[in-house]
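Quick look at data_8.txt (compact mmCIF, N, CA and C atoms):
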# COMPACT_ATOMS: atom_id res chain seq x y z
N GLN A 25 31.08 -18.51 -54.18
CA GLN A 25 31.79 -17.49 -53.41
C GLN A 25 30.76 -16.62 -52.68
N LEU A 26 31.10 -16.28 -51.45
CA LEU A 26 30.19 -15.50 -50.63
C LEU A 26 30.88 -14.21 -50.18
N GLN A 27 30.13 -13.12 -50.18
CA GLN A 27 30.65 -11.82 -49.80
C GLN A 27 29.75 -11.21 -48.76
N ALA A 28 30.25 -11.09 -47.54
CA ALA A 28 29.49 -10.49 -46.45
C ALA A 28 29.79 -9.00 -46.37
N SER A 29 28.77 -8.23 -46.03
CA SER A 29 28.94 -6.78 -45.89
C SER A 29 27.91 -6.24 -44.91
N GLY A 30 28.06 -4.97 -44.57
CA GLY A 30 27.07 -4.31 -43.72
C GLY A 30 27.50 -4.09 -42.29
N GLY A 31 28.66 -4.58 -41.92
CA GLY A 31 29.12 -4.38 -40.56
C GLY A 31 29.51 -2.93 -40.30
N GLY A 32 29.73 -2.62 -39.05
CA GLY A 32 30.13 -1.27 -38.70
C GLY A 32 30.08 -1.07 -37.20
N LEU A 33 30.23 0.19 -36.81
CA LEU A 33 30.20 0.57 -35.40
C LEU A 33 28.83 1.15 -35.08
N VAL A 34 28.16 0.56 -34.11
CA VAL A 34 26.85 1.03 -33.70
C VAL A 34 26.80 1.11 -32.18
N GLN A 35 25.74 1.72 -31.68
CA GLN A 35 25.56 1.81 -30.24
C GLN A 35 24.61 0.73 -29.75
N ALA A 36 24.73 0.40 -28.50
CA ALA A 36 23.83 -0.57 -27.90
C ALA A 36 22.38 -0.12 -28.11
N GLY A 37 21.53 -1.06 -28.48
CA GLY A 37 20.13 -0.76 -28.75
C GLY A 37 19.83 -0.48 -30.21
N ASP A 38 20.85 -0.23 -31.00
CA ASP A 38 20.66 0.03 -32.43
C ASP A 38 20.36 -1.26 -33.18
N SER A 39 20.01 -1.07 -34.45
CA SER A 39 19.79 -2.19 -35.35
C SER A 39 20.81 -2.14 -36.49
N LEU A 40 21.04 -3.28 -37.10
CA LEU A 40 21.98 -3.36 -38.21
C LEU A 40 21.55 -4.52 -39.09
N ARG A 41 21.72 -4.34 -40.39
CA ARG A 41 21.40 -5.42 -41.31
C ARG A 41 22.65 -5.81 -42.09
N LEU A 42 23.02 -7.06 -41.98
CA LEU A 42 24.14 -7.59 -42.73
C LEU A 42 23.63 -8.25 -44.01
N SER A 43 24.47 -8.21 -45.03
CA SER A 43 24.14 -8.84 -46.30
C SER A 43 25.18 -9.87 -46.67
N CYS A 44 24.73 -10.89 -47.35
CA CYS A 44 25.63 -11.92 -47.86
C CYS A 44 25.26 -12.15 -49.32
N ALA A 45 26.17 -11.80 -50.21
CA ALA A 45 25.92 -11.97 -51.64
C ALA A 45 26.62 -13.22 -52.12
N ALA A 46 25.89 -14.03 -52.85
CA ALA A 46 26.44 -15.28 -53.36
C ALA A 46 26.64 -15.19 -54.86
N SER A 47 27.75 -15.68 -55.31
CA SER A 47 27.98 -15.78 -56.74
C SER A 47 27.97 -17.26 -57.11
N GLY A 48 27.46 -17.55 -58.27
CA GLY A 48 27.31 -18.95 -58.63
C GLY A 48 25.97 -19.49 -58.17
N GLY A 49 25.70 -20.71 -58.52
CA GLY A 49 24.43 -21.32 -58.18
C GLY A 49 24.35 -21.78 -56.75
N ILE A 50 23.13 -21.81 -56.22
CA ILE A 50 22.88 -22.32 -54.87
C ILE A 50 21.81 -23.39 -54.98
N LEU A 51 22.12 -24.57 -54.53
CA LEU A 51 21.15 -25.65 -54.58
C LEU A 51 19.97 -25.37 -53.66
N SER A 52 18.79 -25.71 -54.11
CA SER A 52 17.59 -25.47 -53.30
C SER A 52 17.66 -26.18 -51.97
N SER A 53 18.34 -27.29 -51.93
CA SER A 53 18.42 -28.06 -50.69
C SER A 53 19.47 -27.52 -49.73
N TRP A 54 20.23 -26.57 -50.19
CA TRP A 54 21.30 -26.05 -49.34
C TRP A 54 20.79 -24.98 -48.38
N SER A 55 21.65 -24.67 -47.44
CA SER A 55 21.37 -23.67 -46.45
C SER A 55 22.43 -22.58 -46.49
N ILE A 56 22.01 -21.38 -46.12
CA ILE A 56 22.93 -20.28 -45.91
C ILE A 56 22.84 -19.91 -44.43
N GLY A 57 23.96 -19.81 -43.80
CA GLY A 57 23.94 -19.51 -42.38
C GLY A 57 24.88 -18.38 -42.02
N TRP A 58 24.63 -17.83 -40.86
CA TRP A 58 25.51 -16.81 -40.29
C TRP A 58 26.10 -17.35 -39.00
N SER A 59 27.37 -17.08 -38.84
CA SER A 59 28.07 -17.40 -37.60
C SER A 59 28.85 -16.16 -37.19
N ARG A 60 29.31 -16.13 -35.97
CA ARG A 60 30.09 -14.98 -35.53
C ARG A 60 31.21 -15.44 -34.60
N GLN A 61 32.24 -14.63 -34.55
CA GLN A 61 33.35 -14.91 -33.65
C GLN A 61 33.73 -13.61 -32.96
N GLY A 62 33.45 -13.56 -31.68
CA GLY A 62 33.80 -12.40 -30.89
C GLY A 62 35.23 -12.46 -30.42
N PRO A 63 35.76 -11.34 -29.92
CA PRO A 63 37.15 -11.31 -29.45
C PRO A 63 37.38 -12.32 -28.34
N GLY A 64 38.34 -13.19 -28.55
CA GLY A 64 38.66 -14.19 -27.55
C GLY A 64 37.66 -15.31 -27.42
N LYS A 65 36.73 -15.39 -28.37
CA LYS A 65 35.69 -16.42 -28.29
C LYS A 65 35.77 -17.38 -29.47
N GLU A 66 35.13 -18.52 -29.32
CA GLU A 66 35.04 -19.45 -30.43
C GLU A 66 33.92 -19.01 -31.38
N ARG A 67 33.99 -19.52 -32.59
CA ARG A 67 32.95 -19.20 -33.55
C ARG A 67 31.61 -19.77 -33.07
N GLU A 68 30.57 -18.96 -33.25
CA GLU A 68 29.24 -19.30 -32.74
C GLU A 68 28.22 -19.20 -33.86
N PHE A 69 27.40 -20.21 -34.02
CA PHE A 69 26.33 -20.19 -35.01
C PHE A 69 25.22 -19.26 -34.53
N VAL A 70 24.66 -18.44 -35.47
CA VAL A 70 23.61 -17.50 -35.05
C VAL A 70 22.31 -17.61 -35.85
N ALA A 71 22.35 -18.08 -37.08
CA ALA A 71 21.11 -18.17 -37.85
C ALA A 71 21.32 -18.99 -39.11
N ASN A 72 20.25 -19.61 -39.58
CA ASN A 72 20.33 -20.42 -40.78
C ASN A 72 19.03 -20.32 -41.56
N ILE A 73 19.11 -20.36 -42.87
CA ILE A 73 17.91 -20.38 -43.70
C ILE A 73 18.10 -21.39 -44.82
N ARG A 74 17.08 -22.18 -45.04
CA ARG A 74 17.11 -23.12 -46.16
C ARG A 74 16.82 -22.33 -47.44
N TRP A 75 17.70 -22.47 -48.42
CA TRP A 75 17.60 -21.62 -49.60
C TRP A 75 16.29 -21.83 -50.34
N GLY A 76 15.88 -23.08 -50.52
CA GLY A 76 14.68 -23.36 -51.29
C GLY A 76 13.41 -23.04 -50.52
N ALA A 77 13.26 -23.62 -49.35
CA ALA A 77 12.01 -23.50 -48.61
C ALA A 77 11.92 -22.23 -47.78
N GLY A 78 13.04 -21.63 -47.47
CA GLY A 78 13.03 -20.43 -46.64
C GLY A 78 12.88 -20.70 -45.16
N THR A 79 12.97 -21.93 -44.76
CA THR A 79 12.86 -22.29 -43.34
C THR A 79 14.03 -21.71 -42.57
N THR A 80 13.73 -21.13 -41.43
CA THR A 80 14.78 -20.49 -40.64
C THR A 80 15.00 -21.21 -39.31
N TYR A 81 16.19 -21.00 -38.76
CA TYR A 81 16.52 -21.60 -37.47
C TYR A 81 17.48 -20.68 -36.74
N TYR A 82 17.23 -20.52 -35.44
CA TYR A 82 18.08 -19.68 -34.60
C TYR A 82 18.38 -20.42 -33.30
N PRO A 83 19.53 -20.18 -32.72
CA PRO A 83 19.76 -20.69 -31.37
C PRO A 83 18.75 -20.03 -30.43
N GLU A 84 18.35 -20.77 -29.43
CA GLU A 84 17.32 -20.28 -28.51
C GLU A 84 17.69 -18.94 -27.90
N ALA A 85 18.95 -18.75 -27.56
CA ALA A 85 19.38 -17.53 -26.88
C ALA A 85 19.28 -16.28 -27.76
N LEU A 86 19.22 -16.47 -29.06
CA LEU A 86 19.21 -15.33 -29.97
C LEU A 86 17.86 -15.11 -30.64
N LYS A 87 16.91 -15.97 -30.37
CA LYS A 87 15.58 -15.80 -30.97
C LYS A 87 14.98 -14.47 -30.53
N GLY A 88 14.34 -13.80 -31.47
CA GLY A 88 13.66 -12.56 -31.14
C GLY A 88 14.45 -11.32 -31.51
N ARG A 89 15.77 -11.41 -31.55
CA ARG A 89 16.58 -10.25 -31.91
C ARG A 89 17.17 -10.36 -33.31
N LEU A 90 17.22 -11.55 -33.84
CA LEU A 90 17.81 -11.75 -35.16
C LEU A 90 16.75 -12.26 -36.13
N THR A 91 16.85 -11.81 -37.36
CA THR A 91 15.96 -12.29 -38.41
C THR A 91 16.79 -12.54 -39.66
N ILE A 92 16.77 -13.76 -40.13
CA ILE A 92 17.47 -14.09 -41.36
C ILE A 92 16.44 -14.19 -42.48
N SER A 93 16.82 -13.68 -43.64
CA SER A 93 15.91 -13.72 -44.79
C SER A 93 16.74 -13.85 -46.05
N ARG A 94 16.06 -14.14 -47.13
CA ARG A 94 16.80 -14.29 -48.39
C ARG A 94 16.04 -13.66 -49.54
N ASP A 95 16.78 -13.24 -50.54
CA ASP A 95 16.23 -12.73 -51.80
C ASP A 95 16.79 -13.65 -52.88
N LYS A 96 15.96 -14.56 -53.34
CA LYS A 96 16.45 -15.56 -54.28
C LYS A 96 16.85 -14.92 -55.60
N ALA A 97 16.13 -13.91 -56.03
CA ALA A 97 16.43 -13.28 -57.32
C ALA A 97 17.80 -12.63 -57.30
N GLN A 98 18.14 -11.99 -56.18
CA GLN A 98 19.43 -11.32 -56.08
C GLN A 98 20.51 -12.21 -55.48
N LYS A 99 20.12 -13.42 -55.08
CA LYS A 99 21.04 -14.36 -54.45
C LYS A 99 21.74 -13.71 -53.25
N LYS A 100 20.91 -13.16 -52.38
CA LYS A 100 21.42 -12.52 -51.17
C LYS A 100 20.69 -13.07 -49.96
N VAL A 101 21.41 -13.11 -48.87
CA VAL A 101 20.85 -13.46 -47.58
C VAL A 101 21.14 -12.33 -46.63
N TYR A 102 20.15 -11.98 -45.82
CA TYR A 102 20.29 -10.86 -44.90
C TYR A 102 20.19 -11.35 -43.46
N LEU A 103 20.86 -10.64 -42.59
CA LEU A 103 20.73 -10.87 -41.16
C LEU A 103 20.38 -9.55 -40.51
N GLN A 104 19.13 -9.41 -40.12
CA GLN A 104 18.67 -8.22 -39.42
C GLN A 104 18.92 -8.43 -37.93
N MET A 105 19.63 -7.52 -37.32
CA MET A 105 19.95 -7.62 -35.90
C MET A 105 19.38 -6.41 -35.18
N ASP A 106 18.53 -6.65 -34.22
CA ASP A 106 17.87 -5.58 -33.47
C ASP A 106 18.32 -5.60 -32.01
N ARG A 107 18.14 -4.44 -31.37
CA ARG A 107 18.47 -4.30 -29.94
C ARG A 107 19.86 -4.87 -29.66
N LEU A 108 20.81 -4.37 -30.43
CA LEU A 108 22.17 -4.89 -30.32
C LEU A 108 22.77 -4.61 -28.94
N LYS A 109 23.61 -5.53 -28.53
CA LYS A 109 24.28 -5.46 -27.23
C LYS A 109 25.79 -5.49 -27.46
N PRO A 110 26.55 -4.97 -26.51
CA PRO A 110 28.01 -5.02 -26.67
C PRO A 110 28.53 -6.45 -26.89
N GLU A 111 27.86 -7.41 -26.31
CA GLU A 111 28.32 -8.80 -26.48
C GLU A 111 28.05 -9.35 -27.88
N ASP A 112 27.34 -8.58 -28.69
CA ASP A 112 27.15 -8.96 -30.10
C ASP A 112 28.35 -8.57 -30.95
N THR A 113 29.29 -7.87 -30.37
CA THR A 113 30.49 -7.48 -31.09
C THR A 113 31.24 -8.72 -31.56
N ALA A 114 31.47 -8.78 -32.87
CA ALA A 114 32.09 -9.97 -33.45
C ALA A 114 32.32 -9.75 -34.93
N VAL A 115 33.09 -10.64 -35.51
CA VAL A 115 33.14 -10.74 -36.96
C VAL A 115 32.07 -11.74 -37.36
N TYR A 116 31.20 -11.30 -38.26
CA TYR A 116 30.09 -12.12 -38.70
C TYR A 116 30.42 -12.72 -40.07
N TYR A 117 30.23 -14.01 -40.16
CA TYR A 117 30.52 -14.74 -41.39
C TYR A 117 29.25 -15.36 -41.94
N CYS A 118 29.12 -15.35 -43.25
CA CYS A 118 28.06 -16.13 -43.87
C CYS A 118 28.70 -17.36 -44.50
N ALA A 119 27.92 -18.42 -44.59
CA ALA A 119 28.43 -19.67 -45.10
C ALA A 119 27.31 -20.42 -45.81
N ALA A 120 27.68 -21.29 -46.71
CA ALA A 120 26.70 -22.07 -47.46
C ALA A 120 27.09 -23.54 -47.44
N GLY A 121 26.08 -24.36 -47.39
CA GLY A 121 26.34 -25.80 -47.40
C GLY A 121 25.08 -26.59 -47.17
N LYS A 122 25.27 -27.84 -46.80
CA LYS A 122 24.14 -28.75 -46.66
C LYS A 122 23.28 -28.44 -45.45
N GLY A 123 23.85 -27.76 -44.47
CA GLY A 123 23.06 -27.42 -43.31
C GLY A 123 23.91 -26.95 -42.15
N ILE A 124 23.27 -26.72 -41.03
CA ILE A 124 23.96 -26.22 -39.84
C ILE A 124 25.08 -27.20 -39.47
N GLY A 125 26.26 -26.67 -39.30
CA GLY A 125 27.40 -27.48 -38.96
C GLY A 125 28.03 -28.21 -40.13
N ASP A 126 27.48 -27.99 -41.31
CA ASP A 126 27.98 -28.67 -42.51
C ASP A 126 28.09 -27.69 -43.65
N TYR A 127 28.66 -26.53 -43.33
CA TYR A 127 28.86 -25.51 -44.35
C TYR A 127 30.15 -25.77 -45.10
N THR A 128 30.09 -25.59 -46.40
CA THR A 128 31.24 -25.85 -47.26
C THR A 128 31.97 -24.57 -47.65
N TYR A 129 31.21 -23.54 -47.93
CA TYR A 129 31.77 -22.29 -48.41
C TYR A 129 31.56 -21.19 -47.37
N TRP A 130 32.62 -20.43 -47.14
CA TRP A 130 32.57 -19.35 -46.16
C TRP A 130 32.95 -18.03 -46.79
N GLY A 131 32.27 -16.97 -46.39
CA GLY A 131 32.65 -15.63 -46.80
C GLY A 131 33.77 -15.11 -45.93
N GLN A 132 34.20 -13.88 -46.21
CA GLN A 132 35.37 -13.33 -45.54
C GLN A 132 35.07 -12.69 -44.20
N GLY A 133 33.82 -12.45 -43.88
CA GLY A 133 33.46 -11.86 -42.60
C GLY A 133 33.32 -10.35 -42.66
N THR A 134 32.43 -9.84 -41.82
CA THR A 134 32.24 -8.40 -41.68
C THR A 134 32.17 -8.09 -40.19
N LEU A 135 32.87 -7.04 -39.78
CA LEU A 135 33.01 -6.73 -38.37
C LEU A 135 31.86 -5.86 -37.87
N VAL A 136 31.26 -6.30 -36.78
CA VAL A 136 30.23 -5.53 -36.10
C VAL A 136 30.75 -5.18 -34.71
N THR A 137 30.76 -3.90 -34.41
CA THR A 137 31.21 -3.43 -33.10
C THR A 137 30.06 -2.67 -32.46
N VAL A 138 29.67 -3.11 -31.28
CA VAL A 138 28.57 -2.47 -30.56
C VAL A 138 29.14 -1.80 -29.32
N SER A 139 29.01 -0.49 -29.28
CA SER A 139 29.53 0.26 -28.13
C SER A 139 28.43 0.43 -27.08
N SER A 140 28.85 0.48 -25.83
CA SER A 140 27.87 0.62 -24.74
C SER A 140 27.57 2.07 -24.42

Is it possible to express this structure as structure tokens?
Amino acid sequence: QLQASGGGLVQAGDSLRLSCAASGGILSSWSIGWSRQGPGKEREFVANIRWGAGTTYYPEALKGRLTISRDKAQKKVYLQMDRLKPEDTAVYYCAAGKGIGDYTYWGQGTLVTVSS
């Protein structure tokens, strides 16, 4: 089970850190990822981290503003978002599974609203 938190209302240019808490075991070979769905948009992948190795991956368009990290002891994954833009407004979901596009478990989502 995954629990996302940390969303809220911020202004453009601000930073925000989202958290994803996992209950139960996570296989070292698995990945934890973040996706988002903005109003009227399809769900979009934004970041992924391999649980065991810590390898990260971001879509090219989002590199530099997002940082995904994990705390294995606390079984948490974080998404640090910097220089937020209004177009970053979305519900952010964390998910776990074998890899990008192959997530099995999804959290409930946390809303991020960026005002201009």

Next item on the list: Mind listing the helix (DSSP H, G or I) residues of chain A, per DSSP on the backbone, as JSON, numbers by chain?
Entry: {"A": [84, 85, 86, 110, 111, 112]}

Could you save the residues just selected, with N, CA and C atoms, as a short mmCIF file (atom, residue, chain, number, x, y, z; two decimals), in the coordinates of the input?
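This is the output file selection-v5.cif:
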data_model
loop_
_atom_site.label_atom_id
_atom_site.label_comp_id
_atom_site.auth_asym_id
_atom_site.auth_seq_id
_atom_site.Cartn_x
_atom_site.Cartn_y
_atom_site.Cartn_z
N GLU A 84 18.35 -20.77 -29.43
CA GLU A 84 17.32 -20.28 -28.51
C GLU A 84 17.69 -18.94 -27.90
N ALA A 85 18.95 -18.75 -27.56
CA ALA A 85 19.38 -17.53 -26.88
C ALA A 85 19.28 -16.28 -27.76
N LEU A 86 19.22 -16.47 -29.06
CA LEU A 86 19.21 -15.33 -29.97
C LEU A 86 17.86 -15.11 -30.64
N PRO A 110 26.55 -4.97 -26.51
CA PRO A 110 28.01 -5.02 -26.67
C PRO A 110 28.53 -6.45 -26.89
N GLU A 111 27.86 -7.41 -26.31
CA GLU A 111 28.32 -8.80 -26.48
C GLU A 111 28.05 -9.35 -27.88
N ASP A 112 27.34 -8.58 -28.69
CA ASP A 112 27.15 -8.96 -30.10
C ASP A 112 28.35 -8.57 -30.95
#

Next item on the list: Give as a list of chain:residue names the set of residues within 5 Å of the point (19.7, -16.8, -33.1), where distances use the file's coordinates and all atoms listed in the file.
Entry: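 The distance filter leaves exactly A:Val70, A:Ala71, A:Tyr82, A:Pro83, A:Leu86, A:Lys87.
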
Next item on the list: Tell me which protein, DNA and RNA residues are within 6.5 Å of Val101 in chain A, counting all atoms listed in the file, leaving out same-chain ones fewer than 2 positions away, and put them as number ranges by chain.
Entry: A: 42-46, 93-95, 99, 103

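For the set A:Ala120, A:Leu40, A:Val115, A:Ile56, the residue with the smallest atom-to-atom gap to Gly133 in chain A is A:Val115, counting only C-alpha atoms.
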
Notebook entry, point to check: So which residues are close to (15.6, -23.4, -55.3), meaning at most 6 Å away in the file's coordinates with only N, CA and C atoms counted, and can you show them as a count of residues only?
Noted result: 5

Next item on the list: Record the distance separating atom C of Thr128 in chain A and CA of Thr113 in chain A, expressed in Å with one decimal.
Entry: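 So the two atoms, atom C of Thr128 in chain A and CA of Thr113 in chain A, lie 23.8 Å apart.
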
Item checked: Between atom N of Phe69 in chain A and atom N of Thr137 in chain A - distance in Å to one decimal ->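 If I compute the distance from atom N of Thr137 in chain A to atom N of Phe69 in chain A, I get 16.7 Å.
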
As a PDB file, in the coordinates of the input, please: range 102-124 of chain A completed to N, CA, C and O atoms.
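Written out: rebuild07.pdb:
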ATOM      1  N   TYR A 102      20.150 -11.980 -45.820  1.00  0.00           N
ATOM      2  CA  TYR A 102      20.290 -10.860 -44.900  1.00  0.00           C
ATOM      3  C   TYR A 102      20.190 -11.350 -43.460  1.00  0.00           C
ATOM      4  O   TYR A 102      19.492 -12.322 -43.163  1.00  0.00           O
ATOM      5  N   LEU A 103      20.860 -10.640 -42.590  1.00  0.00           N
ATOM      6  CA  LEU A 103      20.730 -10.870 -41.160  1.00  0.00           C
ATOM      7  C   LEU A 103      20.380  -9.550 -40.510  1.00  0.00           C
ATOM      8  O   LEU A 103      21.224  -8.659 -40.414  1.00  0.00           O
ATOM      9  N   GLN A 104      19.130  -9.410 -40.120  1.00  0.00           N
ATOM     10  CA  GLN A 104      18.670  -8.220 -39.420  1.00  0.00           C
ATOM     11  C   GLN A 104      18.920  -8.430 -37.930  1.00  0.00           C
ATOM     12  O   GLN A 104      18.451  -9.434 -37.366  1.00  0.00           O
ATOM     13  N   MET A 105      19.630  -7.520 -37.320  1.00  0.00           N
ATOM     14  CA  MET A 105      19.950  -7.620 -35.900  1.00  0.00           C
ATOM     15  C   MET A 105      19.380  -6.410 -35.180  1.00  0.00           C
ATOM     16  O   MET A 105      19.692  -5.269 -35.532  1.00  0.00           O
ATOM     17  N   ASP A 106      18.530  -6.650 -34.220  1.00  0.00           N
ATOM     18  CA  ASP A 106      17.870  -5.580 -33.470  1.00  0.00           C
ATOM     19  C   ASP A 106      18.320  -5.600 -32.010  1.00  0.00           C
ATOM     20  O   ASP A 106      18.777  -6.619 -31.497  1.00  0.00           O
ATOM     21  N   ARG A 107      18.140  -4.440 -31.370  1.00  0.00           N
ATOM     22  CA  ARG A 107      18.470  -4.300 -29.940  1.00  0.00           C
ATOM     23  C   ARG A 107      19.860  -4.870 -29.660  1.00  0.00           C
ATOM     24  O   ARG A 107      20.056  -5.718 -28.795  1.00  0.00           O
ATOM     25  N   LEU A 108      20.810  -4.370 -30.430  1.00  0.00           N
ATOM     26  CA  LEU A 108      22.170  -4.890 -30.320  1.00  0.00           C
ATOM     27  C   LEU A 108      22.770  -4.610 -28.940  1.00  0.00           C
ATOM     28  O   LEU A 108      22.471  -3.597 -28.307  1.00  0.00           O
ATOM     29  N   LYS A 109      23.610  -5.530 -28.530  1.00  0.00           N
ATOM     30  CA  LYS A 109      24.280  -5.460 -27.230  1.00  0.00           C
ATOM     31  C   LYS A 109      25.790  -5.490 -27.460  1.00  0.00           C
ATOM     32  O   LYS A 109      26.262  -6.014 -28.468  1.00  0.00           O
ATOM     33  N   PRO A 110      26.550  -4.970 -26.510  1.00  0.00           N
ATOM     34  CA  PRO A 110      28.010  -5.020 -26.670  1.00  0.00           C
ATOM     35  C   PRO A 110      28.530  -6.450 -26.890  1.00  0.00           C
ATOM     36  O   PRO A 110      29.503  -6.633 -27.629  1.00  0.00           O
ATOM     37  N   GLU A 111      27.860  -7.410 -26.310  1.00  0.00           N
ATOM     38  CA  GLU A 111      28.320  -8.800 -26.480  1.00  0.00           C
ATOM     39  C   GLU A 111      28.050  -9.350 -27.880  1.00  0.00           C
ATOM     40  O   GLU A 111      28.474 -10.458 -28.206  1.00  0.00           O
ATOM     41  N   ASP A 112      27.340  -8.580 -28.690  1.00  0.00           N
ATOM     42  CA  ASP A 112      27.150  -8.960 -30.100  1.00  0.00           C
ATOM     43  C   ASP A 112      28.350  -8.570 -30.950  1.00  0.00           C
ATOM     44  O   ASP A 112      28.405  -8.901 -32.136  1.00  0.00           O
ATOM     45  N   THR A 113      29.290  -7.870 -30.370  1.00  0.00           N
ATOM     46  CA  THR A 113      30.490  -7.480 -31.090  1.00  0.00           C
ATOM     47  C   THR A 113      31.240  -8.720 -31.560  1.00  0.00           C
ATOM     48  O   THR A 113      31.566  -9.603 -30.772  1.00  0.00           O
ATOM     49  N   ALA A 114      31.470  -8.780 -32.870  1.00  0.00           N
ATOM     50  CA  ALA A 114      32.090  -9.970 -33.450  1.00  0.00           C
ATOM     51  C   ALA A 114      32.320  -9.750 -34.930  1.00  0.00           C
ATOM     52  O   ALA A 114      31.772  -8.808 -35.526  1.00  0.00           O
ATOM     53  N   VAL A 115      33.090 -10.640 -35.510  1.00  0.00           N
ATOM     54  CA  VAL A 115      33.140 -10.740 -36.960  1.00  0.00           C
ATOM     55  C   VAL A 115      32.070 -11.740 -37.360  1.00  0.00           C
ATOM     56  O   VAL A 115      32.019 -12.848 -36.838  1.00  0.00           O
ATOM     57  N   TYR A 116      31.200 -11.300 -38.260  1.00  0.00           N
ATOM     58  CA  TYR A 116      30.090 -12.120 -38.700  1.00  0.00           C
ATOM     59  C   TYR A 116      30.420 -12.720 -40.070  1.00  0.00           C
ATOM     60  O   TYR A 116      30.817 -12.003 -40.994  1.00  0.00           O
ATOM     61  N   TYR A 117      30.230 -14.010 -40.160  1.00  0.00           N
ATOM     62  CA  TYR A 117      30.520 -14.740 -41.390  1.00  0.00           C
ATOM     63  C   TYR A 117      29.250 -15.360 -41.940  1.00  0.00           C
ATOM     64  O   TYR A 117      28.420 -15.886 -41.182  1.00  0.00           O
ATOM     65  N   CYS A 118      29.120 -15.350 -43.250  1.00  0.00           N
ATOM     66  CA  CYS A 118      28.060 -16.130 -43.870  1.00  0.00           C
ATOM     67  C   CYS A 118      28.700 -17.360 -44.500  1.00  0.00           C
ATOM     68  O   CYS A 118      29.881 -17.337 -44.886  1.00  0.00           O
ATOM     69  N   ALA A 119      27.920 -18.420 -44.590  1.00  0.00           N
ATOM     70  CA  ALA A 119      28.430 -19.670 -45.100  1.00  0.00           C
ATOM     71  C   ALA A 119      27.310 -20.420 -45.810  1.00  0.00           C
ATOM     72  O   ALA A 119      26.136 -20.218 -45.495  1.00  0.00           O
ATOM     73  N   ALA A 120      27.680 -21.290 -46.710  1.00  0.00           N
ATOM     74  CA  ALA A 120      26.700 -22.070 -47.460  1.00  0.00           C
ATOM     75  C   ALA A 120      27.090 -23.540 -47.440  1.00  0.00           C
ATOM     76  O   ALA A 120      28.279 -23.881 -47.475  1.00  0.00           O
ATOM     77  N   GLY A 121      26.080 -24.360 -47.390  1.00  0.00           N
ATOM     78  CA  GLY A 121      26.340 -25.800 -47.400  1.00  0.00           C
ATOM     79  C   GLY A 121      25.080 -26.590 -47.170  1.00  0.00           C
ATOM     80  O   GLY A 121      23.968 -26.083 -47.328  1.00  0.00           O
ATOM     81  N   LYS A 122      25.270 -27.840 -46.800  1.00  0.00           N
ATOM     82  CA  LYS A 122      24.140 -28.750 -46.660  1.00  0.00           C
ATOM     83  C   LYS A 122      23.280 -28.440 -45.450  1.00  0.00           C
ATOM     84  O   LYS A 122      22.109 -28.846 -45.391  1.00  0.00           O
ATOM     85  N   GLY A 123      23.850 -27.760 -44.470  1.00  0.00           N
ATOM     86  CA  GLY A 123      23.060 -27.420 -43.310  1.00  0.00           C
ATOM     87  C   GLY A 123      23.910 -26.950 -42.150  1.00  0.00           C
ATOM     88  O   GLY A 123      25.125 -26.784 -42.289  1.00  0.00           O
ATOM     89  N   ILE A 124      23.270 -26.720 -41.030  1.00  0.00           N
ATOM     90  CA  ILE A 124      23.960 -26.220 -39.840  1.00  0.00           C
ATOM     91  C   ILE A 124      25.080 -27.200 -39.470  1.00  0.00           C
ATOM     92  O   ILE A 124      24.860 -28.404 -39.350  1.00  0.00           O
TER      93      ILE A 124
END
